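**Q** Below is the file input_25.cif, which contains mmCIF, C-alpha atoms.
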```
data_upload
#
loop_
_atom_site.label_atom_id
_atom_site.label_comp_id
_atom_site.auth_asym_id
_atom_site.auth_seq_id
_atom_site.Cartn_x
_atom_site.Cartn_y
_atom_site.Cartn_z
CA GLU P 172 44.72 108.23 146.15
CA ALA P 173 47.19 108.23 149.00
CA ASP P 174 50.88 108.37 148.17
CA ILE P 175 52.71 106.74 151.02
CA TYR P 176 55.51 104.29 150.45
CA GLN P 177 57.28 101.73 152.55
CA THR P 178 60.47 99.82 151.83
CA PRO P 179 61.33 97.05 151.96
CA ARG P 180 58.01 95.22 151.64
CA TYR P 181 59.52 92.03 153.03
CA LEU P 182 62.66 91.55 155.12
CA VAL P 183 64.15 88.39 156.56
CA ILE P 184 67.13 89.04 158.78
CA GLY P 185 69.21 87.38 161.47
CA THR P 186 69.18 88.14 165.17
CA GLY P 187 71.37 91.05 166.25
CA LYS P 188 71.30 92.94 162.96
CA LYS P 189 70.48 96.63 162.78
CA ILE P 190 67.59 97.42 160.46
CA THR P 191 65.82 100.52 159.22
CA LEU P 192 62.33 100.47 157.78
CA GLU P 193 61.67 103.34 155.42
CA CYS P 194 58.45 105.33 155.13
CA SER P 195 57.86 108.29 152.83
CA GLN P 196 54.80 110.29 151.87
CA THR P 197 54.34 112.86 149.14
CA MET P 198 51.15 114.46 150.45
CA GLY P 199 52.83 117.07 152.65
CA HIS P 200 51.20 115.63 155.75
CA ASP P 201 52.43 116.89 159.11
CA LYS P 202 51.46 113.82 161.11
CA MET P 203 53.00 110.40 160.64
CA TYR P 204 52.57 107.13 162.51
CA TRP P 205 54.01 103.65 162.90
CA TYR P 206 51.74 100.75 163.80
CA GLN P 207 52.67 97.16 164.56
CA GLN P 208 50.35 94.37 163.45
CA ASP P 209 50.73 90.72 164.43
CA PRO P 210 48.86 88.10 162.36
CA GLY P 211 45.17 88.03 163.16
CA MET P 212 45.49 90.88 165.59
CA GLU P 213 44.66 94.56 165.72
CA LEU P 214 47.11 97.31 164.90
CA HIS P 215 48.92 98.95 167.78
CA LEU P 216 50.51 102.40 167.65
CA ILE P 217 54.21 102.34 168.46
CA HIS P 218 55.38 105.82 167.36
CA TYR P 219 53.95 109.05 166.03
CA SER P 220 55.17 112.45 164.93
CA TYR P 221 53.43 115.79 164.61
CA GLY P 222 56.14 117.33 162.46
CA VAL P 223 59.84 117.75 161.92
CA ASN P 224 61.90 117.02 165.05
CA SER P 225 58.77 115.85 166.88
CA THR P 226 58.44 112.17 167.87
CA GLU P 227 56.46 110.42 170.57
CA LYS P 228 56.02 106.84 171.73
CA GLY P 229 52.67 105.21 171.19
CA ASP P 230 50.50 102.95 173.29
CA LEU P 231 52.50 99.79 172.64
CA SER P 232 55.99 99.68 174.05
CA SER P 233 58.59 99.11 171.38
CA GLU P 234 62.37 98.81 171.31
CA SER P 235 62.43 100.61 168.00
CA THR P 236 63.29 104.27 167.51
CA VAL P 237 62.16 106.82 164.93
CA SER P 238 63.35 110.13 163.54
CA ARG P 239 61.66 112.95 161.64
CA ILE P 240 64.27 115.14 160.00
CA ARG P 241 62.18 115.84 156.90
CA THR P 242 58.42 116.22 156.67
CA GLU P 243 58.06 113.47 154.10
CA HIS P 244 60.30 110.88 155.74
CA PHE P 245 59.72 108.86 158.94
CA PRO P 246 62.11 105.91 159.24
CA LEU P 247 61.95 103.30 162.00
CA THR P 248 65.13 101.66 163.32
CA LEU P 249 65.82 98.55 165.33
CA GLU P 250 69.38 98.59 166.67
CA SER P 251 69.48 94.84 167.34
CA ALA P 252 66.74 92.74 165.84
CA ARG P 253 65.30 89.80 167.80
CA PRO P 254 62.74 87.12 166.89
CA SER P 255 60.20 88.91 169.10
CA HIS P 256 60.34 91.80 166.61
CA THR P 257 58.86 89.60 163.89
CA SER P 258 55.68 91.38 162.81
CA GLN P 259 54.15 93.61 160.16
CA TYR P 260 54.92 97.31 160.45
CA LEU P 261 52.51 99.80 158.91
CA CYS P 262 53.25 103.47 158.36
CA ALA P 263 50.49 106.06 158.07
CA SER P 264 50.14 109.81 157.67
CA SER P 265 47.49 112.49 158.07
CA SER P 266 47.21 116.24 157.80
CA ARG P 267 46.48 118.59 160.71
CA GLY P 268 43.30 118.34 162.74
CA ARG P 269 41.60 115.76 164.92
CA THR P 270 39.32 114.53 162.19
CA ASP P 271 41.83 114.03 159.43
CA THR P 272 41.94 110.63 157.82
CA GLN P 273 45.01 108.46 158.20
CA TYR P 274 46.39 107.02 154.99
CA PHE P 275 48.38 103.82 155.21
CA GLY P 276 51.36 102.48 153.34
CA PRO P 277 51.53 98.85 152.12
CA GLY P 278 53.48 97.68 155.15
CA THR P 279 56.78 95.92 155.80
CA ARG P 280 56.65 92.29 156.88
CA LEU P 281 59.69 91.66 159.07
CA THR P 282 60.93 88.21 160.01
CA VAL P 283 63.83 87.88 162.42
CA LEU P 284 65.43 84.45 162.54
CA ALA H 162 39.71 104.04 178.11
CA GLN H 163 38.50 103.80 174.57
CA SER H 164 38.19 100.43 172.90
CA VAL H 165 36.76 98.78 169.83
CA THR H 166 35.18 95.33 169.72
CA GLN H 167 34.53 93.55 166.46
CA LEU H 168 32.03 90.89 167.36
CA ASP H 169 32.81 88.42 164.60
CA SER H 170 36.31 87.23 163.80
CA GLN H 171 35.20 85.47 160.60
CA VAL H 172 32.16 85.96 158.38
CA PRO H 173 31.67 83.52 155.48
CA VAL H 174 29.04 84.46 152.91
CA PHE H 175 28.02 83.51 149.41
CA GLU H 176 28.42 85.87 146.50
CA GLU H 177 25.54 88.34 146.04
CA ALA H 178 24.32 87.82 149.62
CA PRO H 179 24.04 90.74 152.03
CA VAL H 180 26.57 91.08 154.83
CA GLU H 181 26.89 92.94 158.11
CA LEU H 182 30.15 93.26 160.02
CA ARG H 183 29.57 94.32 163.59
CA CYS H 184 31.55 96.86 165.57
CA ASN H 185 30.98 98.23 169.06
CA TYR H 186 33.01 100.96 170.64
CA SER H 187 33.46 102.50 174.04
CA SER H 188 34.26 106.15 174.39
CA SER H 189 33.40 108.90 176.81
CA VAL H 190 34.05 111.71 174.37
CA SER H 191 33.02 112.68 170.87
CA VAL H 192 33.69 109.78 168.58
CA TYR H 193 35.22 109.65 165.19
CA LEU H 194 34.76 106.19 163.71
CA PHE H 195 36.36 104.49 160.73
CA TRP H 196 36.20 101.29 158.73
CA TYR H 197 39.29 100.16 156.87
CA VAL H 198 39.80 97.19 154.54
CA GLN H 199 43.03 95.26 154.17
CA TYR H 200 43.57 92.99 151.20
CA PRO H 201 46.25 90.29 151.46
CA ASN H 202 49.78 91.65 151.62
CA GLN H 203 48.60 95.23 151.40
CA GLY H 204 48.13 98.19 153.69
CA LEU H 205 44.84 99.53 154.99
CA GLN H 206 42.44 101.38 152.73
CA LEU H 207 39.75 103.66 154.11
CA LEU H 208 36.21 102.45 153.37
CA LEU H 209 34.28 105.16 155.19
CA LYS H 210 34.29 107.37 158.24
CA TYR H 211 31.85 109.00 160.63
CA LEU H 212 32.83 112.38 162.03
CA SER H 213 29.46 114.07 162.60
CA GLY H 214 26.12 114.68 160.93
CA SER H 215 24.08 111.96 159.28
CA THR H 216 24.29 108.66 161.09
CA LEU H 217 24.24 106.71 157.83
CA VAL H 218 27.58 106.91 156.13
CA LYS H 219 28.24 105.74 152.60
CA GLY H 220 31.66 104.61 151.54
CA ILE H 221 33.49 103.10 148.62
CA ASN H 222 32.73 99.79 146.92
CA GLY H 223 29.06 99.91 147.90
CA PHE H 224 29.64 99.72 151.65
CA GLU H 225 27.75 101.76 154.21
CA ALA H 226 27.71 101.99 157.99
CA GLU H 227 25.31 103.31 160.58
CA PHE H 228 26.39 105.14 163.68
CA ASN H 229 24.16 104.28 166.64
CA LYS H 230 25.07 106.33 169.69
CA SER H 231 22.63 104.65 172.08
CA GLN H 232 23.97 101.20 171.21
CA THR H 233 27.55 102.43 170.76
CA SER H 234 27.73 100.60 167.48
CA PHE H 235 29.05 101.29 163.99
CA HIS H 236 28.11 98.25 161.92
CA LEU H 237 29.27 97.91 158.32
CA ARG H 238 26.86 96.64 155.67
CA LYS H 239 26.76 95.77 152.01
CA PRO H 240 23.57 94.60 150.28
CA SER H 241 25.31 92.30 147.79
CA VAL H 242 28.90 91.14 148.13
CA HIS H 243 31.36 90.09 145.45
CA ILE H 244 34.22 87.64 145.50
CA SER H 245 36.55 90.63 145.39
CA ASP H 246 35.26 91.81 148.79
CA THR H 247 37.14 88.97 150.45
CA ALA H 248 39.50 90.75 152.84
CA GLU H 249 40.14 91.74 156.45
CA TYR H 250 37.99 94.58 157.76
CA PHE H 251 39.00 96.78 160.68
CA CYS H 252 36.85 99.12 162.73
CA ALA H 253 38.66 101.98 164.47
CA VAL H 254 37.98 104.93 166.73
CA ARG H 255 40.19 107.97 167.14
CA ASN H 256 41.72 108.10 170.59
CA GLN H 257 40.80 110.82 173.03
CA ALA H 258 44.07 112.67 172.58
CA GLY H 259 43.56 112.70 168.83
CA THR H 260 47.00 111.23 168.33
CA ALA H 261 46.09 107.92 166.68
CA LEU H 262 43.49 105.30 165.94
CA ILE H 263 42.43 102.43 168.20
CA PHE H 264 41.65 99.36 166.13
CA GLY H 265 39.51 96.31 166.64
CA LYS H 266 40.97 92.86 166.02
CA GLY H 267 39.48 92.67 162.57
CA THR H 268 36.86 90.57 160.81
CA THR H 269 37.78 88.26 157.98
CA LEU H 270 35.12 88.38 155.28
CA SER H 271 35.22 85.34 152.99
CA VAL H 272 33.00 85.46 149.93
CA SER H 273 32.53 82.26 147.96
CA SER H 274 30.59 81.38 144.83
#
```
How would this structure read if it were set down as structure tokens?
**A**
Amino acid sequence: EADIYQTPRYLVIGTGKKITLECSQTMGHDKMYWYQQDPGMELHLIHYSYGVNSTEKGDLSSESTVSRIRTEHFPLTLESARPSHTSQYLCASSSRGRTDTQYFGPGTRLTVL
Amino acid sequence: AQSVTQLDSQVPVFEEAPVELRCNYSSSVSVYLFWYVQYPNQGLQLLLKYLSGSTLVKGINGFEAEFNKSQTSFHLRKPSVHISDTAEYFCAVRNQAGTALIFGKGTTLSVSS
């Protein structure tokens, strides 16, 4: 069973606030990912990391930023939240190799008022 | 560019009936295909994956899928569904760069008694 955690699970916040969504995994995976999922829609990759100090932007443009200082930790930050950021954010991880399975966390549902 | 099309947005079925959720993909390179399930307010859980070898792939919870290269399809099947199978199902293909997954828009499976 995958051990990947996200906090908070739900967050309601006002416009202009700075927020950080936490993601941690205990599997020792090198690769980590952030996906954004709007209701009834597919997931879109917004950030990924191949290891410590490695981060890349995904296919979907996002105003968020990420960091990877520790292997197990991959937080996502929004400096100034806006209503357009309202969405579900899913974190995933996988080990090395092109065929490795991605394991997903439970997600954070963000609502910006 | 790679893409995934899930042909049915909603599939209502009665308990103990068979079900097929359809998925077509487009890719010009070797494909790695996945089916994930998402229960309400949870993250994605891997059902099964096709990497190579046998075109019939068996997964968890009695699901199976068949990779058909000529029809570029990867349909998910279950011979007899339960109420607990009610969920959102996502088909995905690994992108060419191997950096992430490309998801379909999902199929909502609703099982009623």
**Q** Which residue gives the smallest distance to Arg255 in chain H among H:Tyr200, H:Ser170, H:Phe175, H:Leu212, with only C-alpha atoms counted?
**A**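 The shortest atom-to-atom distance to Arg255 in chain H comes from H:Leu212.
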**Q** Using only C-alpha atoms, I'd like a table of the residues in chain H that come within 7 Å of chain P; for each, show the closest atom pair and its distance in Å rounded to one decimal, ordered by chain and ascending number, as CSV.
**A**
```
residue,atom,partner,partner_atom,distance
H:Gln203,CA,P:Pro277,CA,4.7
H:Gly204,CA,P:Pro277,CA,3.8
H:Leu205,CA,P:Phe275,CA,5.6
H:Gln206,CA,P:Phe275,CA,6.9
H:Leu212,CA,P:Thr270,CA,6.8
H:Gly259,CA,P:Arg269,CA,5.3
H:Phe264,CA,P:Glu213,CA,5.7
H:Gly265,CA,P:Glu213,CA,5.5
H:Lys266,CA,P:Glu213,CA,4.1
H:Gly267,CA,P:Glu213,CA,6.4
```
**Q** Selected residues, C-alpha atoms, written as a short mmCIF file (atom, residue, chain, number, x, y, z; two decimals), keeping the file's coordinate frame, please.
**A**
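Contents of result.cif, freshly written:
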```
data_model
loop_
_atom_site.label_atom_id
_atom_site.label_comp_id
_atom_site.auth_asym_id
_atom_site.auth_seq_id
_atom_site.Cartn_x
_atom_site.Cartn_y
_atom_site.Cartn_z
CA GLN H 203 48.60 95.23 151.40
CA GLY H 204 48.13 98.19 153.69
CA LEU H 205 44.84 99.53 154.99
CA GLN H 206 42.44 101.38 152.73
CA LEU H 212 32.83 112.38 162.03
CA GLY H 259 43.56 112.70 168.83
CA PHE H 264 41.65 99.36 166.13
CA GLY H 265 39.51 96.31 166.64
CA LYS H 266 40.97 92.86 166.02
CA GLY H 267 39.48 92.67 162.57
#
```
**Q** Just so the selection is clear, what residues does the PyMOL selection byres ((chain P and resi 184-195) around 8) cover here, as an MDAnalysis selection string?
**A** chainID P and resid 175:179 182:183 196:197 243:254 262 276 279 281:284
**Q** Considering only C-alpha atoms, can you say which of H:Leu208, H:Gln163, H:Ser231, H:Ser191 comes closest to Glu249 in chain H?
**A** H:Leu208
**Q** Considering only C-alpha atoms, return as a list in words whatever protein or nucleic-acid residues lie within 10 Å of Tyr211 in chain H, sequence-local ones (same chain, fewer than 5 positions apart) excluded.
**A** Thr270 of chain P; Val192, Tyr193, Leu194, Phe195, Trp196, Thr216, Leu217, Val218, Lys219, Ala226, Glu227, Phe228, Phe235 and Val254 of chain H
**Q** Using all atoms listed in the file, which residue out of H:Gln257, H:Cys252, H:Lys210, H:Asp246 lies closest to Pro173 in chain H?
**A**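 When distances to Pro173 in chain H are compared using all atoms listed in the file, the smallest one comes from H:Asp246.
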**Q** Check which residues satisfy the PyMOL selection byres ((chain H and resi 239-244) around 7) in the file shown, then give them as a list in words.
**A**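 Expected selection for the PyMOL selection byres ((chain H and resi 239-244) around 7) here is Glu176, Glu177, Ala178, Pro179, Val180, Glu181, Gly223, Phe224, Glu225, Arg238, Ser245, Asp246, Thr247, Val272 and Ser273 of chain H.
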**Q** Evaluate the PyMOL selection byres ((chain P and resi 239) around 8) on the structure here and hand back the selected residues as a VMD selection string.
**A** chain P and resid 220 222 to 226 237 to 238 240 to 242 244 to 246
**Q** To one decimal in Å, tell me the separation between CA of Phe251 in chain H and CA of Cys184 in chain H.
**A**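 Here the two named atoms are 8.9 Å from each other.
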**Q** Report the distance between CA of Ser215 in chain H and CA of Asn229 in chain H in Å, rounded to one decimal place.
**A**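 Pair CA of Ser215 in chain H / CA of Asn229 in chain H returns 10.6 Å.
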**Q** Using only C-alpha atoms, can you tell me which of H:Ala162, H:Ile263, H:Ala258, H:Leu270 comes closest to Ser188 in chain H?
**A**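 Among the listed residues, H:Ala162 lies closest to Ser188 in chain H.
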**Q** What does the distance from CA of Gln207 in chain P to CA of Ser187 in chain H come to in Å, to one decimal?
**A**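 If I compute the distance from CA of Gln207 in chain P to CA of Ser187 in chain H, I get 22.1 Å.
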**Q** Counting only C-alpha atoms, which residues sit no farther than 6 Å from the position (29.3, 99.4, 167.6) in the file's frame? I'd like them as a list in words.
**A**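 The residues near that point, listed by chain and number, are Cys184, Asn185, Tyr186, Thr233, Ser234, Phe235 and His236 of chain H.
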